Amino acid sequence: MNKILKNFDGFKLITTPAITVVFLLFASMLVFYFISSYPAIERYGIDLFIRNVWIAAEEASKEVYGLAAPIWGSIYTSIIAIIFAVPLSIAYAIYVNDYAPQKLKYPLIIISDIMAGLPTIIYGIWGALILVPLLRDHVMKFLYENFSFIPLFSYPPITGYCYLSAGILLGIMVIPFATAIIREAYAMIPTVYKEGLYALGATRYEATKVLIGYIKPAILSGFILAFGRALGETVAVSLVIGNSFNLTYELFAPGYTISSLIANQFGNAPIYQYMTPTLYAGGLVLFLIGLVVNIIGLYYLKRWRSHVSH
Amino acid sequence: MFHTEYKKLRVLKEKVFLFTIGALTLLAILPLFHIIISIFLKGVPVIAERGLSFITETFSNGGIGPAIIGTLILTFITTIIGVPLAFLAGTYAYEFPESFVGRATKVLLQIMLEFPTILVGTFIAGVVVFPMGTYSALAGALALAIILMPYVAIYTEEAMAEIPKIYKEGGYALGCTRTQVIFKVITKMAKKGILTGVLIGMAKVAGETAPLLYTAGGLYESYPTSLFEPIGALPLLIYNLVQSPSPEDHKMAWGAALVMLIIFLGIFVPIRYSLKKDIKI
């Protein structure tokens, strides 16, 4: 009896239920998405993910759904966001770490943290009512009028709610996130490298170029994680993307992302027999893509960190 | 001759480089200022026109009172549900960093941190809202709790990991059990970090919209009375108003956005400043 009491670990007894809840929650979400989307997957098969159709009908037999356009939209807008965010967040990180005047450093870090924490609906209202008209009148119209022979710009920017607006808004939202990861990696570079570079007579430009090469894996994983974050963003995107089924690379065309599709359609989906399962299937795709992207990003970041610190 | 030319070129390159990263940094932070200024410019006239009634009255009387109260209630219930679980999960990840379960917990928490919030909302809609047959404050709070947990757990783990090992050893040397060492010694020493995590998590969930879309439902014409009935929230109200085509609704949305921005900055900036010395530059 005494022996049992001795091995009895109160700490584990208290914490294990919490861990179990966390694991069960995650597992049940995965299972739930598989089960809930099964009716749609069973009925439409692979067409559900590779066709672009959306016919909602009272009679179940006439309903046809295909999620190709939203899946494409999610990936496309996130790629635009990353392209937009790459130069800005790398410059931001380097400037804060190495070149900003001492007085500016701290405010710049606070600003980036505020940007990271700002509620997404704030970005959403600003994006929908200010950024979109601005982009439409000053950027899209110009590009359309002068460069519409390039297929990317050939869609007439009537409303301004389109892939490009969504991509740029997402880009603005992920900048602080990518910056934080790059900044942390940049600060982890051993000082001897910097000293060595300057001792060799490198200019600041040349030194930074070498140091950037050194943290390249961390930068890459920062952008992979930022891509994952952009994929899942819902509210801000659904307010600026225009919400229509368009499977196109034209930047000024309105579109859908998986999350904005769910945000828009989930409310009236129960009226139709197969719409809810279809939306859950979209959620499952988002779930799995997000999971893979985040695991890859976290894995590379971890590997790079342990590589540097040893 | 050639040598000086080359040097000049290098110096020129450096100048161009410095100018470029300065300009790009400015461009990166410009949106935040544009956002804050435009919300103030558009929001202040709305609030000035309606005065105090804007934050106390119901929607048809031109106010957003129920939404503000709804956000407060949701945040409060979320904290009660989420923080204890998250705290315990965080201490587990801290205490067993080498074990398989401990490592898996940490990875899982990091994944949950990046998880698309709309999926949490539709999950809760499927398991709570559909069986109950109605949107409810409870469903909204459950969805938010799932989002809050990873923040609190990761902050707890990181704050505890920063306490020097010697205090733990001292605790054991005095004959404390593991429970006593973790909950009485380490927790007290890491108090500030844990509290920061809780506050940042609360600020985050108070601003969430997507998980509430199909769980909380929305209630703007009267104040909430029951946990099992729909409830409103500030971000949800703004989202619905922005989608409406009427300029009158947009005005309300700007006013509500201003209230939200002030609440957010009022909570977030002091927390961030209190952590000043923890920031690595």
# chains A, B, ... in the order shown; residues from 1 in each chain; ligands from 1
$ residues_around --residues "Tyr249 in chain A" --least-positions-apart "5" --cutoff "9 Å" --atoms "only C-alpha atoms" --output "ChimeraX atom specification"
/A:76,151-152,163
$ write_last_selection --atoms "N, CA and C atoms" --output "PDB file, in the first residue's frame"
ATOM      1  N   TYR A  76      -4.335  30.744 -54.413  1.00  0.00           N
ATOM      2  CA  TYR A  76      -3.910  31.884 -55.227  1.00  0.00           C
ATOM      3  C   TYR A  76      -3.769  33.155 -54.388  1.00  0.00           C
ATOM      4  N   PRO A 151      -2.536  38.955 -69.964  1.00  0.00           N
ATOM      5  CA  PRO A 151      -3.737  38.239 -69.492  1.00  0.00           C
ATOM      6  C   PRO A 151      -4.046  38.466 -68.008  1.00  0.00           C
ATOM      7  N   LEU A 152      -3.004  38.643 -67.165  1.00  0.00           N
ATOM      8  CA  LEU A 152      -3.241  38.845 -65.733  1.00  0.00           C
ATOM      9  C   LEU A 152      -4.149  40.042 -65.467  1.00  0.00           C
ATOM     10  N   TYR A 163      -9.385  38.968 -56.474  1.00  0.00           N
ATOM     11  CA  TYR A 163      -8.242  38.209 -55.947  1.00  0.00           C
ATOM     12  C   TYR A 163      -7.112  39.129 -55.496  1.00  0.00           C
TER      13      TYR A 163
END
$ residues_around --residues "range 134-149 of chain A" --least-positions-apart "4" --cutoff "8 Å" --atoms "only C-alpha atoms" --output "short mmCIF file (atom, residue, chain, number, x, y, z; two decimals) with N, CA and C atoms, in the first residue's frame"
data_model
loop_
_atom_site.label_atom_id
_atom_site.label_comp_id
_atom_site.auth_asym_id
_atom_site.auth_seq_id
_atom_site.Cartn_x
_atom_site.Cartn_y
_atom_site.Cartn_z
N ILE A 130 -12.09 51.07 -47.66
CA ILE A 130 -11.06 52.05 -47.99
C ILE A 130 -10.03 51.50 -48.98
N PHE A 153 -4.04 41.07 -66.31
CA PHE A 153 -4.76 42.32 -66.04
C PHE A 153 -5.98 42.49 -66.93
N SER A 154 -6.43 41.41 -67.59
CA SER A 154 -7.43 41.60 -68.64
C SER A 154 -8.87 41.65 -68.13
N TYR A 155 -9.09 41.41 -66.86
CA TYR A 155 -10.47 41.44 -66.35
C TYR A 155 -10.82 42.88 -65.96
N PRO A 156 -11.95 43.42 -66.45
CA PRO A 156 -12.27 44.81 -66.11
C PRO A 156 -12.53 44.99 -64.62
N PRO A 157 -11.82 45.89 -63.96
CA PRO A 157 -11.99 46.08 -62.50
C PRO A 157 -13.20 46.96 -62.20
N ILE A 158 -14.39 46.36 -62.22
CA ILE A 158 -15.60 47.16 -62.04
C ILE A 158 -15.83 47.49 -60.57
N THR A 159 -15.84 46.46 -59.72
CA THR A 159 -16.11 46.72 -58.31
C THR A 159 -14.82 46.86 -57.51
N GLY A 160 -13.77 46.20 -57.95
CA GLY A 160 -12.53 46.22 -57.18
C GLY A 160 -12.44 45.09 -56.18
N SER A 165 -7.15 42.30 -54.48
CA SER A 165 -7.44 43.01 -53.23
C SER A 165 -7.28 42.08 -52.03
N PHE A 252 -7.97 40.74 -61.38
CA PHE A 252 -9.06 41.66 -61.04
C PHE A 252 -10.42 40.97 -61.02
#
$ interface_residues --of "chain B" --to "chain A" --cutoff "6 Å" --atoms "only C-alpha atoms" --output "VMD selection string"
chain B and resid 14 21 24 to 25 28 85 88 to 89 116 179 207
$ write_last_selection --atoms "N, CA and C atoms" --output "PDB file, in the first residue's frame"
ATOM      1  N   GLU B  14      25.638  50.496 -51.318  1.00  0.00           N
ATOM      2  CA  GLU B  14      25.260  50.477 -49.908  1.00  0.00           C
ATOM      3  C   GLU B  14      24.199  51.533 -49.623  1.00  0.00           C
ATOM      4  N   ILE B  21      15.742  49.569 -47.842  1.00  0.00           N
ATOM      5  CA  ILE B  21      15.103  48.881 -46.718  1.00  0.00           C
ATOM      6  C   ILE B  21      14.370  49.862 -45.806  1.00  0.00           C
ATOM      7  N   LEU B  24      11.057  50.432 -47.595  1.00  0.00           N
ATOM      8  CA  LEU B  24      10.178  49.265 -47.517  1.00  0.00           C
ATOM      9  C   LEU B  24       9.596  49.105 -46.110  1.00  0.00           C
ATOM     10  N   THR B  25      10.424  49.397 -45.097  1.00  0.00           N
ATOM     11  CA  THR B  25       9.921  49.323 -43.719  1.00  0.00           C
ATOM     12  C   THR B  25       8.778  50.311 -43.517  1.00  0.00           C
ATOM     13  N   ALA B  28       5.764  49.002 -44.993  1.00  0.00           N
ATOM     14  CA  ALA B  28       5.187  47.888 -44.246  1.00  0.00           C
ATOM     15  C   ALA B  28       4.331  48.374 -43.082  1.00  0.00           C
ATOM     16  N   LEU B  85      -7.781  24.556 -18.341  1.00  0.00           N
ATOM     17  CA  LEU B  85      -7.310  23.471 -19.201  1.00  0.00           C
ATOM     18  C   LEU B  85      -5.966  23.823 -19.829  1.00  0.00           C
ATOM     19  N   LEU B  88      -3.032  23.798 -17.367  1.00  0.00           N
ATOM     20  CA  LEU B  88      -2.567  22.446 -17.032  1.00  0.00           C
ATOM     21  C   LEU B  88      -1.808  21.821 -18.204  1.00  0.00           C
ATOM     22  N   ALA B  89      -2.334  22.022 -19.428  1.00  0.00           N
ATOM     23  CA  ALA B  89      -1.640  21.471 -20.594  1.00  0.00           C
ATOM     24  C   ALA B  89      -0.258  22.100 -20.730  1.00  0.00           C
ATOM     25  N   PRO B 116      -7.135  27.362 -38.818  1.00  0.00           N
ATOM     26  CA  PRO B 116      -8.131  28.315 -39.336  1.00  0.00           C
ATOM     27  C   PRO B 116      -9.326  28.421 -38.396  1.00  0.00           C
ATOM     28  N   THR B 179       3.924  18.090  -7.451  1.00  0.00           N
ATOM     29  CA  THR B 179       2.771  18.992  -7.496  1.00  0.00           C
ATOM     30  C   THR B 179       3.086  20.304  -6.794  1.00  0.00           C
ATOM     31  N   GLY B 207     -11.486  39.761 -30.279  1.00  0.00           N
ATOM     32  CA  GLY B 207     -11.530  40.311 -31.622  1.00  0.00           C
ATOM     33  C   GLY B 207     -11.894  39.308 -32.693  1.00  0.00           C
TER      34      GLY B 207
END
$ select_by_dssp --residues "range 27-257 of chain B" --states "helix (DSSP H, G or I)" --output "PDB file with C-alpha atoms, in the first residue's frame"
ATOM      1  CA  LEU B  27       5.679  50.923 -46.520  1.00  0.00           C
ATOM      2  CA  ALA B  28       5.187  47.888 -44.246  1.00  0.00           C
ATOM      3  CA  ILE B  29       3.975  49.939 -41.269  1.00  0.00           C
ATOM      4  CA  LEU B  30       2.045  52.505 -43.303  1.00  0.00           C
ATOM      5  CA  PRO B  31      -1.187  50.424 -43.412  1.00  0.00           C
ATOM      6  CA  LEU B  32      -1.442  50.372 -39.604  1.00  0.00           C
ATOM      7  CA  PHE B  33      -1.368  54.157 -39.427  1.00  0.00           C
ATOM      8  CA  HIS B  34      -3.765  54.431 -42.326  1.00  0.00           C
ATOM      9  CA  ILE B  35      -6.132  52.027 -40.564  1.00  0.00           C
ATOM     10  CA  ILE B  36      -5.991  53.843 -37.223  1.00  0.00           C
ATOM     11  CA  ILE B  37      -6.379  57.298 -38.768  1.00  0.00           C
ATOM     12  CA  SER B  38      -9.252  56.337 -41.049  1.00  0.00           C
ATOM     13  CA  ILE B  39     -11.133  54.565 -38.254  1.00  0.00           C
ATOM     14  CA  PHE B  40     -10.808  57.668 -36.093  1.00  0.00           C
ATOM     15  CA  LEU B  41     -11.814  59.995 -38.938  1.00  0.00           C
ATOM     16  CA  LYS B  42     -14.886  57.947 -39.822  1.00  0.00           C
ATOM     17  CA  GLY B  43     -15.796  56.765 -36.334  1.00  0.00           C
ATOM     18  CA  VAL B  44     -15.510  59.912 -34.232  1.00  0.00           C
ATOM     19  CA  PRO B  45     -18.307  61.833 -36.035  1.00  0.00           C
ATOM     20  CA  VAL B  46     -20.680  58.886 -35.581  1.00  0.00           C
ATOM     21  CA  ILE B  47     -20.015  58.601 -31.859  1.00  0.00           C
ATOM     22  CA  ALA B  48     -19.994  62.387 -31.374  1.00  0.00           C
ATOM     23  CA  GLU B  49     -23.386  62.638 -33.047  1.00  0.00           C
ATOM     24  CA  ARG B  50     -25.035  59.996 -30.849  1.00  0.00           C
ATOM     25  CA  SER B  53     -26.275  56.350 -26.182  1.00  0.00           C
ATOM     26  CA  PHE B  54     -24.089  54.824 -28.904  1.00  0.00           C
ATOM     27  CA  ILE B  55     -22.499  52.472 -26.385  1.00  0.00           C
ATOM     28  CA  THR B  56     -25.563  51.854 -24.204  1.00  0.00           C
ATOM     29  CA  PHE B  59     -29.417  48.681 -32.276  1.00  0.00           C
ATOM     30  CA  SER B  60     -32.734  50.174 -33.402  1.00  0.00           C
ATOM     31  CA  ASN B  61     -32.121  53.103 -31.061  1.00  0.00           C
ATOM     32  CA  GLY B  65     -24.745  48.246 -26.245  1.00  0.00           C
ATOM     33  CA  PRO B  66     -25.795  44.567 -26.534  1.00  0.00           C
ATOM     34  CA  ALA B  67     -22.811  43.831 -28.778  1.00  0.00           C
ATOM     35  CA  ILE B  68     -20.353  45.281 -26.276  1.00  0.00           C
ATOM     36  CA  ILE B  69     -21.945  43.378 -23.390  1.00  0.00           C
ATOM     37  CA  GLY B  70     -22.025  40.243 -25.560  1.00  0.00           C
ATOM     38  CA  THR B  71     -18.312  40.485 -26.265  1.00  0.00           C
ATOM     39  CA  LEU B  72     -17.585  40.954 -22.550  1.00  0.00           C
ATOM     40  CA  ILE B  73     -19.722  37.962 -21.561  1.00  0.00           C
ATOM     41  CA  LEU B  74     -18.252  35.744 -24.279  1.00  0.00           C
ATOM     42  CA  THR B  75     -14.698  36.668 -23.335  1.00  0.00           C
ATOM     43  CA  PHE B  76     -15.429  36.016 -19.683  1.00  0.00           C
ATOM     44  CA  ILE B  77     -16.987  32.552 -20.195  1.00  0.00           C
ATOM     45  CA  THR B  78     -14.242  31.654 -22.657  1.00  0.00           C
ATOM     46  CA  THR B  79     -11.608  32.495 -20.062  1.00  0.00           C
ATOM     47  CA  ILE B  80     -13.335  30.404 -17.407  1.00  0.00           C
ATOM     48  CA  ILE B  81     -13.547  27.393 -19.718  1.00  0.00           C
ATOM     49  CA  GLY B  82     -10.245  27.704 -21.506  1.00  0.00           C
ATOM     50  CA  VAL B  83      -7.656  28.984 -19.045  1.00  0.00           C
ATOM     51  CA  PRO B  84      -7.611  26.120 -16.487  1.00  0.00           C
ATOM     52  CA  LEU B  85      -7.310  23.471 -19.201  1.00  0.00           C
ATOM     53  CA  ALA B  86      -4.677  25.461 -21.063  1.00  0.00           C
ATOM     54  CA  PHE B  87      -2.691  26.150 -17.920  1.00  0.00           C
ATOM     55  CA  LEU B  88      -2.567  22.446 -17.032  1.00  0.00           C
ATOM     56  CA  ALA B  89      -1.640  21.471 -20.594  1.00  0.00           C
ATOM     57  CA  GLY B  90       1.122  24.097 -20.539  1.00  0.00           C
ATOM     58  CA  THR B  91       2.562  22.828 -17.257  1.00  0.00           C
ATOM     59  CA  TYR B  92       2.552  19.299 -18.647  1.00  0.00           C
ATOM     60  CA  ALA B  93       4.493  20.398 -21.745  1.00  0.00           C
ATOM     61  CA  TYR B  94       6.912  22.220 -19.437  1.00  0.00           C
ATOM     62  CA  GLU B  95       7.435  19.344 -17.023  1.00  0.00           C
ATOM     63  CA  PHE B 100       6.797  11.698 -26.468  1.00  0.00           C
ATOM     64  CA  VAL B 101       3.498  12.949 -25.068  1.00  0.00           C
ATOM     65  CA  GLY B 102       5.067  16.194 -23.885  1.00  0.00           C
ATOM     66  CA  ARG B 103       6.621  16.898 -27.276  1.00  0.00           C
ATOM     67  CA  ALA B 104       3.454  15.917 -29.110  1.00  0.00           C
ATOM     68  CA  THR B 105       1.470  18.260 -26.852  1.00  0.00           C
ATOM     69  CA  LYS B 106       3.729  21.160 -27.722  1.00  0.00           C
ATOM     70  CA  VAL B 107       3.561  20.493 -31.461  1.00  0.00           C
ATOM     71  CA  LEU B 108      -0.211  20.084 -31.256  1.00  0.00           C
ATOM     72  CA  LEU B 109      -0.572  23.386 -29.412  1.00  0.00           C
ATOM     73  CA  GLN B 110       1.529  25.149 -32.036  1.00  0.00           C
ATOM     74  CA  ILE B 111      -0.606  23.652 -34.788  1.00  0.00           C
ATOM     75  CA  MET B 112      -3.786  24.705 -33.005  1.00  0.00           C
ATOM     76  CA  LEU B 113      -2.407  28.233 -32.779  1.00  0.00           C
ATOM     77  CA  THR B 117     -10.618  29.783 -36.873  1.00  0.00           C
ATOM     78  CA  ILE B 118     -13.630  29.331 -39.162  1.00  0.00           C
ATOM     79  CA  LEU B 119     -13.141  25.549 -38.918  1.00  0.00           C
ATOM     80  CA  VAL B 120     -13.450  25.730 -35.144  1.00  0.00           C
ATOM     81  CA  GLY B 121     -16.710  27.608 -35.641  1.00  0.00           C
ATOM     82  CA  THR B 122     -18.198  25.071 -38.046  1.00  0.00           C
ATOM     83  CA  PHE B 123     -17.038  22.214 -35.811  1.00  0.00           C
ATOM     84  CA  ILE B 124     -18.848  23.665 -32.797  1.00  0.00           C
ATOM     85  CA  ALA B 125     -21.834  24.400 -35.046  1.00  0.00           C
ATOM     86  CA  GLY B 126     -21.923  20.703 -35.939  1.00  0.00           C
ATOM     87  CA  VAL B 127     -21.525  19.265 -32.441  1.00  0.00           C
ATOM     88  CA  VAL B 128     -23.274  21.896 -30.284  1.00  0.00           C
ATOM     89  CA  VAL B 129     -25.507  24.201 -32.324  1.00  0.00           C
ATOM     90  CA  PHE B 130     -27.229  21.628 -34.571  1.00  0.00           C
ATOM     91  CA  PRO B 131     -28.094  19.227 -31.702  1.00  0.00           C
ATOM     92  CA  MET B 132     -29.285  22.125 -29.510  1.00  0.00           C
ATOM     93  CA  ALA B 137     -23.625  32.081 -25.993  1.00  0.00           C
ATOM     94  CA  LEU B 138     -22.327  28.748 -24.726  1.00  0.00           C
ATOM     95  CA  ALA B 139     -21.498  27.526 -28.244  1.00  0.00           C
ATOM     96  CA  GLY B 140     -19.728  30.800 -29.027  1.00  0.00           C
ATOM     97  CA  ALA B 141     -17.697  30.598 -25.837  1.00  0.00           C
ATOM     98  CA  LEU B 142     -16.748  26.952 -26.499  1.00  0.00           C
ATOM     99  CA  ALA B 143     -15.475  27.858 -29.966  1.00  0.00           C
ATOM    100  CA  LEU B 144     -13.495  30.776 -28.565  1.00  0.00           C
ATOM    101  CA  ALA B 145     -12.093  28.586 -25.774  1.00  0.00           C
ATOM    102  CA  ILE B 146     -10.578  26.233 -28.356  1.00  0.00           C
ATOM    103  CA  ILE B 147      -8.851  29.256 -29.889  1.00  0.00           C
ATOM    104  CA  LEU B 148      -7.756  30.680 -26.529  1.00  0.00           C
ATOM    105  CA  MET B 149      -6.184  27.473 -25.213  1.00  0.00           C
ATOM    106  CA  PRO B 150      -3.030  27.279 -27.334  1.00  0.00           C
ATOM    107  CA  TYR B 151      -2.125  30.910 -26.557  1.00  0.00           C
ATOM    108  CA  VAL B 152      -2.365  30.443 -22.812  1.00  0.00           C
ATOM    109  CA  ALA B 153      -0.713  27.015 -22.853  1.00  0.00           C
ATOM    110  CA  ILE B 154       2.270  28.131 -24.929  1.00  0.00           C
ATOM    111  CA  TYR B 155       2.799  31.292 -22.878  1.00  0.00           C
ATOM    112  CA  THR B 156       2.590  29.209 -19.678  1.00  0.00           C
ATOM    113  CA  GLU B 157       5.138  26.720 -20.971  1.00  0.00           C
ATOM    114  CA  GLU B 158       7.540  29.428 -22.136  1.00  0.00           C
ATOM    115  CA  ALA B 159       7.231  31.495 -18.965  1.00  0.00           C
ATOM    116  CA  MET B 160       7.942  28.420 -16.818  1.00  0.00           C
ATOM    117  CA  ALA B 161      10.857  27.311 -18.987  1.00  0.00           C
ATOM    118  CA  LYS B 165      16.315  25.099 -12.790  1.00  0.00           C
ATOM    119  CA  ILE B 166      17.901  25.779  -9.401  1.00  0.00           C
ATOM    120  CA  TYR B 167      14.557  26.822  -7.893  1.00  0.00           C
ATOM    121  CA  LYS B 168      13.037  23.545  -8.906  1.00  0.00           C
ATOM    122  CA  GLU B 169      15.948  21.648  -7.401  1.00  0.00           C
ATOM    123  CA  GLY B 170      15.663  23.741  -4.254  1.00  0.00           C
ATOM    124  CA  GLY B 171      11.996  22.803  -3.995  1.00  0.00           C
ATOM    125  CA  TYR B 172      12.719  19.094  -4.322  1.00  0.00           C
ATOM    126  CA  ALA B 173      15.616  19.381  -1.873  1.00  0.00           C
ATOM    127  CA  ARG B 178       6.253  17.481  -7.848  1.00  0.00           C
ATOM    128  CA  THR B 179       2.771  18.992  -7.496  1.00  0.00           C
ATOM    129  CA  GLN B 180       3.997  21.411  -4.867  1.00  0.00           C
ATOM    130  CA  VAL B 181       7.103  22.382  -6.819  1.00  0.00           C
ATOM    131  CA  ILE B 182       5.190  23.105 -10.022  1.00  0.00           C
ATOM    132  CA  PHE B 183       2.069  24.750  -8.645  1.00  0.00           C
ATOM    133  CA  LYS B 184       3.506  26.553  -5.646  1.00  0.00           C
ATOM    134  CA  VAL B 185       7.063  27.465  -6.654  1.00  0.00           C
ATOM    135  CA  ILE B 186       7.332  27.599 -10.436  1.00  0.00           C
ATOM    136  CA  THR B 187       3.817  28.917 -11.080  1.00  0.00           C
ATOM    137  CA  LYS B 188       4.296  31.767  -8.628  1.00  0.00           C
ATOM    138  CA  MET B 189       7.612  32.716 -10.173  1.00  0.00           C
ATOM    139  CA  LYS B 191       3.071  34.447 -12.726  1.00  0.00           C
ATOM    140  CA  LYS B 192       3.731  37.482 -14.888  1.00  0.00           C
ATOM    141  CA  GLY B 193       4.397  35.514 -18.058  1.00  0.00           C
ATOM    142  CA  ILE B 194       1.317  33.350 -17.551  1.00  0.00           C
ATOM    143  CA  LEU B 195      -0.879  36.378 -16.899  1.00  0.00           C
ATOM    144  CA  THR B 196       0.448  38.003 -20.061  1.00  0.00           C
ATOM    145  CA  GLY B 197      -0.519  34.909 -22.009  1.00  0.00           C
ATOM    146  CA  VAL B 198      -4.029  34.983 -20.549  1.00  0.00           C
ATOM    147  CA  LEU B 199      -4.480  38.668 -21.371  1.00  0.00           C
ATOM    148  CA  ILE B 200      -3.107  38.345 -24.902  1.00  0.00           C
ATOM    149  CA  GLY B 201      -5.328  35.332 -25.476  1.00  0.00           C
ATOM    150  CA  MET B 202      -8.333  37.295 -24.192  1.00  0.00           C
ATOM    151  CA  ALA B 203      -7.509  40.252 -26.444  1.00  0.00           C
ATOM    152  CA  LYS B 204      -7.260  37.826 -29.344  1.00  0.00           C
ATOM    153  CA  VAL B 205     -10.582  36.045 -28.753  1.00  0.00           C
ATOM    154  CA  ALA B 206     -12.403  39.314 -28.063  1.00  0.00           C
ATOM    155  CA  ALA B 210     -15.108  33.786 -37.831  1.00  0.00           C
ATOM    156  CA  PRO B 211     -15.666  31.272 -34.987  1.00  0.00           C
ATOM    157  CA  LEU B 212     -18.741  33.213 -33.833  1.00  0.00           C
ATOM    158  CA  LEU B 234     -18.797  43.516 -31.505  1.00  0.00           C
ATOM    159  CA  PRO B 235     -16.738  41.975 -34.346  1.00  0.00           C
ATOM    160  CA  LEU B 236     -19.723  39.978 -35.540  1.00  0.00           C
ATOM    161  CA  LEU B 237     -21.868  43.122 -35.653  1.00  0.00           C
ATOM    162  CA  ILE B 238     -19.209  44.986 -37.658  1.00  0.00           C
ATOM    163  CA  TYR B 239     -18.964  42.083 -40.098  1.00  0.00           C
ATOM    164  CA  ASN B 240     -22.713  42.054 -40.699  1.00  0.00           C
ATOM    165  CA  LEU B 241     -22.881  45.840 -41.047  1.00  0.00           C
ATOM    166  CA  VAL B 242     -20.029  46.051 -43.550  1.00  0.00           C
ATOM    167  CA  GLN B 243     -21.778  43.495 -45.747  1.00  0.00           C
ATOM    168  CA  PRO B 247     -24.411  53.784 -45.954  1.00  0.00           C
ATOM    169  CA  GLU B 248     -26.240  54.190 -42.639  1.00  0.00           C
ATOM    170  CA  ASP B 249     -25.091  50.701 -41.610  1.00  0.00           C
ATOM    171  CA  HIS B 250     -21.551  51.529 -42.705  1.00  0.00           C
ATOM    172  CA  LYS B 251     -21.592  54.538 -40.389  1.00  0.00           C
ATOM    173  CA  MET B 252     -22.608  52.305 -37.479  1.00  0.00           C
ATOM    174  CA  ALA B 253     -19.846  49.901 -38.464  1.00  0.00           C
ATOM    175  CA  TRP B 254     -17.219  52.654 -38.327  1.00  0.00           C
ATOM    176  CA  GLY B 255     -18.447  53.739 -34.905  1.00  0.00           C
ATOM    177  CA  ALA B 256     -18.354  50.151 -33.646  1.00  0.00           C
ATOM    178  CA  ALA B 257     -14.884  49.667 -35.162  1.00  0.00           C
TER     179      ALA B 257
END
$ closest_residue --among "A:Phe84, A:Tyr274, A:Tyr198, A:Trp54" --to "Ser37 in chain A" --atoms "only C-alpha atoms"
A:Tyr274
